[in-house]
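Structure file start.txt (compact mmCIF, C-alpha atoms) is printed below.
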```txt
# COMPACT_ATOMS: atom_id res chain seq x y z
CA MET A 5 -11.40 -27.51 20.87
CA SER A 6 -14.61 -25.47 20.98
CA PHE A 7 -12.94 -22.06 20.59
CA ALA A 8 -12.18 -21.29 16.94
CA TRP A 9 -11.41 -18.25 14.83
CA LYS A 10 -14.48 -17.55 12.69
CA SER A 11 -12.65 -15.07 10.48
CA VAL A 12 -9.33 -13.26 10.25
CA GLY A 13 -9.37 -9.57 9.42
CA LEU A 14 -6.68 -7.56 7.68
CA MET A 15 -6.76 -3.87 8.59
CA TYR A 16 -5.02 -3.00 5.36
CA THR A 17 -4.76 0.70 6.15
CA ARG A 18 -5.80 3.23 8.76
CA ARG A 19 -6.18 5.89 6.12
CA CYS A 20 -9.75 6.78 5.14
CA PRO A 21 -11.38 9.65 3.22
CA LEU A 22 -13.78 9.96 6.16
CA ALA A 23 -13.22 10.91 9.79
CA CYS A 24 -16.43 9.59 11.34
CA GLY A 25 -17.13 10.60 14.93
CA HIS A 26 -17.71 7.01 16.05
CA CYS A 27 -14.71 5.39 14.33
CA VAL A 28 -13.20 2.66 16.49
CA THR A 29 -9.92 2.73 14.53
CA ARG A 30 -9.66 6.55 14.57
CA SER A 31 -9.22 6.47 10.81
CA SER A 32 -9.10 9.69 8.77
CA PRO A 33 -7.48 11.21 5.67
CA ARG A 34 -4.48 12.07 7.84
CA ALA A 35 -4.10 8.70 9.53
CA GLU A 36 -0.88 6.94 8.59
CA GLY A 37 -0.18 3.27 8.14
CA LYS A 38 -0.63 0.71 5.36
CA MET A 39 0.30 -2.94 4.91
CA ASP A 40 2.97 -3.96 2.49
CA PRO A 41 1.18 -6.16 -0.10
CA LYS A 42 3.87 -8.83 0.31
CA ASP A 43 3.20 -9.00 4.05
CA ALA A 44 -0.54 -9.14 3.40
CA ALA A 45 -0.05 -12.03 0.97
CA ARG A 46 1.87 -13.94 3.62
CA TYR A 47 -0.80 -13.23 6.23
CA ILE A 48 -3.43 -14.63 3.88
CA GLN A 49 -1.52 -17.87 3.39
CA GLU A 50 -1.02 -18.24 7.14
CA ALA A 51 -4.61 -17.26 7.97
CA ALA A 52 -5.88 -20.01 5.66
CA ARG A 53 -4.42 -22.56 8.07
CA VAL A 54 -6.56 -21.41 11.00
CA SER A 55 -9.82 -19.98 9.61
CA PRO A 56 -12.11 -20.46 6.59
CA ASN A 57 -12.90 -16.74 6.27
CA LEU A 58 -10.91 -13.58 5.58
CA CYS A 59 -12.06 -9.96 5.75
CA PHE A 60 -10.42 -6.80 4.42
CA THR A 61 -11.09 -3.77 6.54
CA GLY A 62 -9.54 -0.45 7.51
CA GLY A 63 -9.58 2.52 7.30
CA GLU A 64 -10.77 2.24 3.74
CA PRO A 65 -9.19 -0.73 1.95
CA LEU A 66 -10.54 0.37 -1.43
CA LEU A 67 -8.24 3.37 -1.47
CA TYR A 68 -5.88 0.68 -2.78
CA ALA A 69 -8.38 -1.15 -4.97
CA GLU A 70 -5.86 -2.75 -7.36
CA GLU A 71 -3.77 -4.18 -4.52
CA ILE A 72 -6.88 -5.43 -2.73
CA GLN A 73 -8.15 -7.07 -5.93
CA GLU A 74 -4.93 -9.08 -6.26
CA LEU A 75 -5.07 -10.10 -2.60
CA VAL A 76 -8.74 -11.10 -2.88
CA ALA A 77 -7.79 -13.35 -5.81
CA LEU A 78 -5.01 -14.94 -3.75
CA ALA A 79 -7.35 -15.57 -0.81
CA ALA A 80 -10.07 -17.01 -3.04
CA ASP A 81 -7.55 -19.29 -4.77
CA MET A 82 -6.66 -20.64 -1.32
CA GLY A 83 -10.29 -21.55 -0.69
CA LEU A 84 -11.09 -18.71 1.71
CA GLN A 85 -14.47 -17.00 1.82
CA VAL A 86 -13.52 -13.35 1.32
CA SER A 87 -15.38 -10.28 2.54
CA LEU A 88 -14.64 -6.56 2.57
CA VAL A 89 -15.90 -3.63 4.65
CA THR A 90 -16.17 -0.20 3.02
CA GLY A 91 -17.39 3.25 3.99
CA CYS A 92 -17.76 4.25 0.31
CA GLY A 93 -15.46 7.27 0.53
CA TRP A 94 -13.61 5.94 -2.51
CA ALA A 95 -16.83 6.05 -4.57
CA LYS A 96 -17.40 9.81 -4.79
CA GLN A 97 -16.48 9.57 -8.48
CA ALA A 98 -19.44 7.59 -9.79
CA GLU A 99 -17.57 6.23 -12.79
CA ARG A 100 -15.21 4.30 -10.49
CA ILE A 101 -17.88 2.27 -8.74
CA GLU A 102 -18.74 -0.40 -11.29
CA PRO A 103 -15.16 -1.12 -12.47
CA VAL A 104 -13.88 -1.46 -8.90
CA LEU A 105 -16.70 -3.75 -7.81
CA GLU A 106 -16.57 -5.81 -11.00
CA GLY A 107 -12.85 -6.37 -10.48
CA LEU A 108 -13.44 -7.54 -6.92
CA VAL A 109 -16.23 -9.91 -7.94
CA ASP A 110 -14.10 -11.37 -10.73
CA ALA A 111 -11.28 -11.85 -8.22
CA GLY A 112 -13.54 -13.87 -5.93
CA LEU A 113 -14.99 -11.46 -3.38
CA GLY A 114 -17.93 -13.24 -1.76
CA HIS A 115 -19.35 -10.71 0.70
CA LEU A 116 -19.51 -6.92 0.92
CA VAL A 117 -20.35 -4.87 4.00
CA ILE A 118 -21.24 -1.19 3.56
CA SER A 119 -20.85 0.90 6.70
CA TRP A 120 -23.58 3.52 6.58
CA ASP A 121 -25.24 5.71 9.21
CA SER A 122 -25.47 9.36 10.24
CA PHE A 123 -21.78 9.35 11.16
CA HIS A 124 -20.84 8.39 7.59
CA GLU A 125 -23.41 10.70 6.03
CA ALA A 126 -21.52 13.67 7.45
CA PHE A 127 -18.81 12.90 4.88
CA VAL A 128 -20.42 10.97 2.01
CA ARG A 129 -23.78 11.57 0.40
CA ARG A 130 -26.34 8.83 0.91
CA GLU A 131 -26.90 8.51 -2.84
CA THR A 132 -23.23 7.53 -3.23
CA ALA A 133 -23.52 4.65 -0.77
CA VAL A 134 -26.85 3.57 -2.32
CA ARG A 135 -25.19 3.59 -5.75
CA VAL A 136 -22.46 1.28 -4.42
CA ALA A 137 -25.12 -1.06 -3.01
CA ARG A 138 -27.07 -1.06 -6.28
CA SER A 139 -24.00 -1.73 -8.38
CA ALA A 140 -22.89 -4.55 -6.07
CA ALA A 141 -26.34 -6.15 -6.22
CA ASN A 142 -26.33 -5.94 -10.04
CA LEU A 143 -23.10 -7.95 -9.95
CA GLY A 144 -24.67 -10.60 -7.69
CA LEU A 145 -22.97 -9.27 -4.57
CA ARG A 146 -25.86 -8.14 -2.39
CA PRO A 147 -24.25 -6.23 0.49
CA ARG A 148 -24.97 -6.10 4.18
CA ILE A 149 -25.53 -2.59 5.52
CA ARG A 150 -23.93 -2.02 8.92
CA SER A 151 -25.13 0.98 10.92
CA VAL A 152 -24.04 2.38 14.27
CA PHE A 153 -26.63 4.28 16.26
CA ARG A 154 -26.66 6.50 19.30
CA SER A 155 -28.59 5.19 22.27
CA GLY A 156 -31.37 7.74 21.86
CA ASP A 157 -31.95 7.26 18.14
CA SER A 158 -35.58 6.46 17.45
CA ALA A 159 -36.88 3.32 15.77
CA GLU A 160 -38.01 5.50 12.86
CA ALA A 161 -34.51 6.95 12.43
CA ARG A 162 -32.97 3.49 12.51
CA ALA A 163 -35.39 2.13 9.94
CA GLY A 164 -34.98 5.23 7.75
CA CYS A 165 -31.23 4.71 7.63
CA PHE A 166 -31.80 1.45 5.77
CA SER A 167 -34.89 2.13 3.66
CA GLU A 168 -33.14 3.24 0.47
CA PHE A 169 -30.71 0.31 0.64
CA ALA A 170 -33.39 -2.33 1.22
CA PRO A 171 -34.02 -3.25 -2.46
CA PHE A 172 -30.34 -4.06 -2.95
CA ALA A 173 -29.18 -5.29 0.46
CA LEU A 174 -29.04 -8.72 2.01
CA ALA A 175 -29.52 -7.51 5.58
CA HIS A 176 -29.23 -4.55 7.96
CA GLU A 177 -26.89 -4.93 10.93
CA ALA A 178 -27.59 -2.33 13.61
CA VAL A 179 -25.31 -1.83 16.61
CA GLU A 180 -25.05 0.69 19.45
CA VAL A 181 -22.15 3.11 19.55
CA LEU A 182 -19.55 2.40 22.24
CA PRO A 183 -17.16 4.86 23.95
CA VAL A 184 -14.03 3.41 22.36
CA GLY A 185 -11.79 4.83 19.65
CA ARG A 186 -12.88 8.28 18.46
CA ALA A 187 -16.35 7.68 19.90
CA ALA A 188 -14.91 8.14 23.40
CA SER A 189 -15.20 11.90 22.80
CA LEU A 190 -18.91 11.82 21.90
CA PRO A 191 -21.44 13.34 24.36
CA GLU A 192 -22.44 11.02 27.21
CA GLU A 193 -26.03 10.90 26.04
CA SER A 194 -24.87 9.06 22.92
CA PHE A 195 -24.43 5.87 24.94
CA GLY A 196 -26.59 3.46 26.89
CA TRP A 197 -25.13 3.29 30.39
CA SER A 198 -25.37 0.64 33.11
CA SER A 199 -24.37 1.07 36.75
CA GLY A 200 -21.87 -1.80 36.58
CA PRO A 201 -20.47 -4.26 34.05
CA PRO A 202 -23.38 -5.20 31.76
CA ALA A 203 -24.37 -8.79 31.15
CA GLY A 204 -23.50 -10.48 27.90
CA PHE A 205 -20.86 -12.62 26.25
CA CYS A 206 -18.63 -11.35 23.43
CA PRO A 207 -19.29 -12.63 19.89
CA SER A 208 -16.35 -10.64 18.46
CA VAL A 209 -13.36 -12.11 20.26
CA VAL A 210 -13.32 -14.92 17.69
CA LEU A 211 -12.72 -12.33 14.93
CA PRO A 212 -9.03 -11.41 15.23
CA VAL A 213 -7.59 -8.65 13.09
CA VAL A 214 -4.06 -7.93 11.90
CA GLY A 215 -3.22 -4.24 11.99
CA TRP A 216 -1.29 -2.47 9.24
CA ASP A 217 1.80 -2.64 11.47
CA GLY A 218 1.53 -6.40 12.03
CA ARG A 219 0.05 -6.24 15.51
CA VAL A 220 -2.61 -8.91 15.99
CA TYR A 221 -5.69 -8.10 18.06
CA ALA A 222 -8.24 -10.56 19.41
CA CYS A 223 -11.27 -8.67 18.12
CA CYS A 224 -12.20 -6.43 15.25
CA GLY A 225 -12.27 -3.02 16.92
CA PRO A 226 -12.33 -2.22 20.65
CA SER A 227 -9.18 -4.23 21.36
CA LEU A 228 -7.24 -1.55 19.48
CA ASP A 229 -7.57 0.39 22.75
CA SER A 230 -5.74 -2.40 24.58
CA GLU A 231 -2.57 -1.59 26.47
CA THR A 232 0.75 -3.44 26.21
CA GLY A 233 0.51 -6.78 27.98
CA SER A 234 -3.24 -7.17 27.45
CA PRO A 235 -4.38 -10.69 26.46
CA LEU A 236 -6.31 -8.99 23.64
CA ILE A 237 -2.98 -8.25 21.92
CA LEU A 238 -1.94 -11.64 20.57
CA GLY A 239 1.42 -10.83 19.00
CA ASN A 240 2.96 -9.25 15.92
CA ALA A 241 2.78 -10.99 12.56
CA LEU A 242 5.87 -9.15 11.32
CA GLU A 243 7.86 -10.93 14.03
CA GLU A 244 6.40 -14.46 13.95
CA PRO A 245 4.00 -16.38 11.70
CA LEU A 246 0.36 -15.37 12.00
CA ASP A 247 -0.86 -18.96 12.25
CA ARG A 248 1.49 -19.54 15.20
CA ILE A 249 0.18 -16.41 16.93
CA LEU A 250 -3.43 -17.45 16.40
CA ALA A 251 -2.76 -21.04 17.50
CA ARG A 252 -1.39 -19.67 20.77
CA GLY A 253 -4.31 -17.31 21.20
CA ARG A 254 -6.79 -20.07 20.53
CA SER A 255 -5.72 -21.81 23.73
CA ASP A 256 -5.94 -18.71 25.95
CA LEU A 257 -8.57 -19.32 28.63
CA VAL A 258 -9.08 -15.59 29.15
CA LEU A 259 -10.30 -15.29 25.56
CA HIS A 260 -12.45 -18.38 26.09
CA ALA A 261 -14.07 -16.71 29.09
CA ILE A 262 -14.69 -13.42 27.28
CA HIS A 263 -16.45 -15.33 24.52
CA ALA A 264 -18.30 -17.82 26.70
CA ILE A 265 -19.45 -15.87 29.76
CA GLY A 266 -18.49 -12.24 29.22
CA PRO A 267 -16.72 -9.65 31.38
CA ARG A 268 -19.40 -9.33 34.06
CA ALA A 269 -19.18 -13.00 35.00
CA MET A 270 -15.39 -12.73 34.84
CA ALA A 271 -15.48 -9.78 37.22
CA LYS A 272 -17.64 -11.85 39.56
CA LEU A 273 -14.96 -14.54 39.60
CA ILE A 274 -12.43 -12.19 41.19
CA GLU A 275 -14.58 -9.66 43.04
CA GLU A 276 -13.44 -10.83 46.49
CA GLU A 277 -9.73 -10.60 45.65
CA VAL A 278 -9.35 -7.76 43.14
CA GLU A 279 -11.45 -4.63 43.22
CA PHE A 280 -13.31 -3.81 40.03
CA PRO A 281 -13.85 -0.11 39.30
CA SER A 282 -17.12 1.30 40.58
CA GLN A 283 -18.28 3.10 37.46
CA ARG A 284 -20.82 3.17 34.70
CA PHE A 285 -20.26 1.13 31.58
CA ALA A 286 -21.62 1.58 28.07
CA GLY A 287 -21.51 -1.97 26.76
CA ILE A 288 -19.44 -5.05 27.45
CA CYS A 289 -16.47 -3.81 25.38
CA GLN A 290 -15.74 -1.04 27.88
CA ALA A 291 -15.99 -3.53 30.75
CA CYS A 292 -13.75 -5.98 28.87
CA LEU A 293 -11.06 -3.32 28.43
CA ALA A 294 -11.28 -2.41 32.12
CA LEU A 295 -10.55 -6.04 32.97
CA THR A 296 -7.94 -6.89 30.37
CA ASN A 297 -5.90 -3.69 30.62
CA ASP A 298 -5.21 -4.39 34.31
CA PRO A 299 -2.42 -6.98 34.84
CA ALA A 300 -3.53 -7.80 38.40
CA ARG A 301 -7.07 -8.59 37.29
CA VAL A 302 -5.86 -10.69 34.37
CA ALA A 303 -3.48 -12.65 36.61
CA ARG A 304 -6.23 -13.41 39.13
CA ILE A 305 -8.66 -14.42 36.40
CA ARG A 306 -6.07 -16.84 35.04
CA GLU A 307 -5.72 -18.38 38.50
CA LYS A 308 -9.47 -18.86 38.72
CA LEU A 309 -9.72 -20.34 35.23
CA ALA A 310 -7.07 -22.93 36.12
CA ASP A 311 -9.61 -24.62 38.41
CA PRO A 312 -10.69 -27.88 36.68
CA GLU A 313 -14.36 -27.42 37.56
CA ILE A 314 -14.46 -23.88 36.22
CA ARG A 315 -12.68 -25.03 33.06
CA ARG A 316 -15.26 -27.78 32.60
CA LEU A 317 -18.15 -25.36 32.93
CA LEU A 318 -16.42 -22.91 30.65
CA ALA A 319 -16.13 -25.65 28.03
CA VAL A 320 -19.88 -26.25 28.30
CA HIS A 321 -20.55 -22.59 27.55
CA LEU A 322 -18.10 -22.60 24.63
CA LEU A 323 -19.83 -25.59 23.10
CA ALA A 324 -23.14 -23.78 23.49
CA ARG A 325 -21.75 -20.72 21.73
CA ARG A 326 -20.56 -22.90 18.85
CA ALA A 327 -24.01 -24.46 18.64
CA GLY A 328 -25.70 -21.07 18.80
CA LYS A 329 -27.78 -21.82 21.87
CA PRO A 330 -27.48 -21.76 25.70
CA ALA A 331 -25.80 -24.60 27.53
CA GLY A 332 -28.69 -26.93 28.37
CA GLY A 333 -31.34 -24.21 28.03
CA ARG A 334 -31.68 -20.84 29.76
CA ALA A 335 -32.19 -22.27 33.23
CA GLU A 336 -29.20 -24.56 32.92
CA GLU A 337 -27.08 -21.73 31.56
CA ARG A 338 -28.00 -19.55 34.53
CA LYS A 339 -27.10 -22.39 36.90
CA ASN A 340 -23.77 -22.98 35.18
CA GLY A 341 -23.03 -19.26 35.21
CA ALA A 342 -23.76 -19.14 38.92
CA ALA A 343 -21.36 -22.03 39.48
CA LEU A 344 -18.70 -20.27 37.45
CA VAL A 345 -18.84 -17.17 39.59
CA GLY A 346 -19.43 -19.07 42.80
CA CYS A 347 -22.37 -16.94 43.91
CA GLY A 348 -24.25 -19.91 45.39
CA LYS A 349 -27.67 -18.45 44.61
CA GLY A 350 -28.47 -20.32 41.43
CA CYS A 351 -28.87 -17.17 39.35
CA GLY A 352 -26.87 -14.50 41.12
CA CYS A 353 -24.63 -13.80 38.13
CA THR A 354 -27.43 -12.42 35.98
CA ALA A 355 -30.82 -10.80 36.26
CA GLU A 356 -33.70 -13.18 35.64
CA LYS A 357 -34.87 -11.36 32.51
CA GLU A 358 -31.47 -11.14 30.85
CA GLU A 359 -30.70 -13.28 27.84
CA GLU A 360 -27.03 -13.96 28.48
CA ILE A 361 -24.68 -14.26 31.40
```

Any chance you could give the structure as structure tokens?
Amino acid sequence: MSFAWKSVGLMYTRRCPLACGHCVTRSSPRAEGKMDPKDAARYIQEAARVSPNLCFTGGEPLLYAEEIQELVALAADMGLQVSLVTGCGWAKQAERIEPVLEGLVDAGLGHLVISWDSFHEAFVRRETAVRVARSAANLGLRPRIRSVFRSGDSAEARAGCFSEFAPFALAHEAVEVLPVGRAASLPEESFGWSSGPPAGFCPSVVLPVVGWDGRVYACCGPSLDSETGSPLILGNALEEPLDRILARGRSDLVLHAIHAIGPRAMAKLIEEEVEFPSQRFAGICQACLALTNDPARVARIREKLADPEIRRLLAVHLLARRAGKPAGGRAEERKNGAALVGCGKGCGCTAEKEEEI
């Protein structure tokens, strides 16, 4: 099968020393919820059956550094590549930084992601995050720096966010803020808007995450805004084995479509039968939630995806995603996308200049 889970995330806690204005999980010092280490250990063993990679996230997982260190060691012993995402709120006491990171490296942590941008800087000094990056690099764990920007942020501001980290970092991952989670309350000018569902496929729906309460989501953030019954909520790992939940989700054609062609092409599939909201969208995640939180739209999409020809074309796109390139080149991908949505115009599902369907 061409749809596979690239990594499994464990949202170990929703608690965080920070309360960033863009936080997709709405984490804060007051947020409640934390995994039982015994449950987390079981999730790790079950995740190893379906994915080669595991990521600890939150909230701030390093509020519980000793527990995380033991779980990292367990995951590494099982052959998993282990990563961790931190906002550095735990590192305000400088003397803690090196011992915590050294313990994680010794346990087998392979990758570190530091979330850092103006949202984080409202709560943690830049020099603290740079110190974490420097210490990690000294231990052979060069981190990735992940920054979230407002739509109007200049190129200079984006580059400046990374400049002090550059000597110690492996890469800078820059993404646009989306109106999900706490960011939904940000001013409208923070976002880049389109008049309808924007083009693009979803690279994140192959990154499921287990919440502190056992609920399993299909992606690592926006799906936390999913409503009961959404296909983005895969099950609850406190009620059935995680590997069984993920095996079931791996065969869900709705998730295949989100990953392969994206919500705009999916909306095109059903536009004659089910009305899609006439509104602006800031990114494909908002459009995806509009589709998947509506049972009537999901039911009609499932009917369309049952068509053998559509399933065949969907499989072509999934194989292309796995290979990291379009299905048969850009022109062929546009033709296949047009066939998927049945527009009959050869390229009616996407603008000529757009990179993805």

(request) Extract, using only C-alpha atoms, all DNA, RNA and protein residues at most 9 Å from stretch 14-17 of chain A, discarding same-chain residues fewer than 5 positions from it, and format them as a VMD selection string. (result) chain A and resid 31 35 to 41 44 47 to 48 58 to 65 67 to 68 72 212 to 216 224

(message) Could you check which residues have any atom within 8 Å of (-19.4, 0.7, 26.6), counting all atoms listed in the file with coordinates taken straight from the file, and then list them as a PyMOL selection string?
(response) chain A and resi 181-184+195-197+285-291

(message) List the spatial neighbours of stretch 121-125 of chain A as a VMD selection string - criterion: any atom at most 9 Å away, only C-alpha atoms, same-chain residues fewer than 4 positions off excluded.
(response) chain A and resid 22 to 27 91 to 93 129 to 130 150 to 153 162 165 to 166

(request) Select all residues near (-2.5, -20.1, 7.5) (cut-off 12 Å, inclusive, file coordinates), counting all atoms listed in the file, and output them as number ranges by chain. (result) A: 9, 11-12, 44-58, 79, 82-84, 241, 245-251

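Atom CA of A:Ala80 is positioned 15.6 Å from atom CA of A:Leu105.
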
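Minimum distance to A:Ala269 across A:Ala203, A:Ile237, A:Ala300, A:Arg252 (counting all atoms listed in the file) occurs at A:Ala203.
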
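Going from atom CA of A:Leu228 over to atom CA of A:Thr29, you cover 7.1 Å.
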
(request) Determine the nearest neighbour of A:Ser155 from the options A:Val179, A:Ile305, A:Leu66, A:Leu318, counting only C-alpha atoms. (result) A:Val179

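Atom CA of A:Gly225 to atom CA of A:Arg18 spans 12.1 Å [interatomic distance, one decimal].
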
What box, with edges along x, y and z, holds each listed atom of stretch 261-279 of chain A when 3 Å is added on every side, and can you state its centre and edge lengths in Å to one decimal, as JSON?
```
{"center_x": -14.4, "center_y": -11.2, "center_z": 35.5, "size_x": 16.1, "size_y": 19.2, "size_z": 28.0}
```

(message) Need the shell around A:Ile274: protein/DNA/RNA residues with any atom at most 8 Å away, counting only C-alpha atoms. Skip same-chain ones fewer than 5 positions apart. Format as a PyMOL selection string?
(response) chain A and resi 279+301+304-305+308
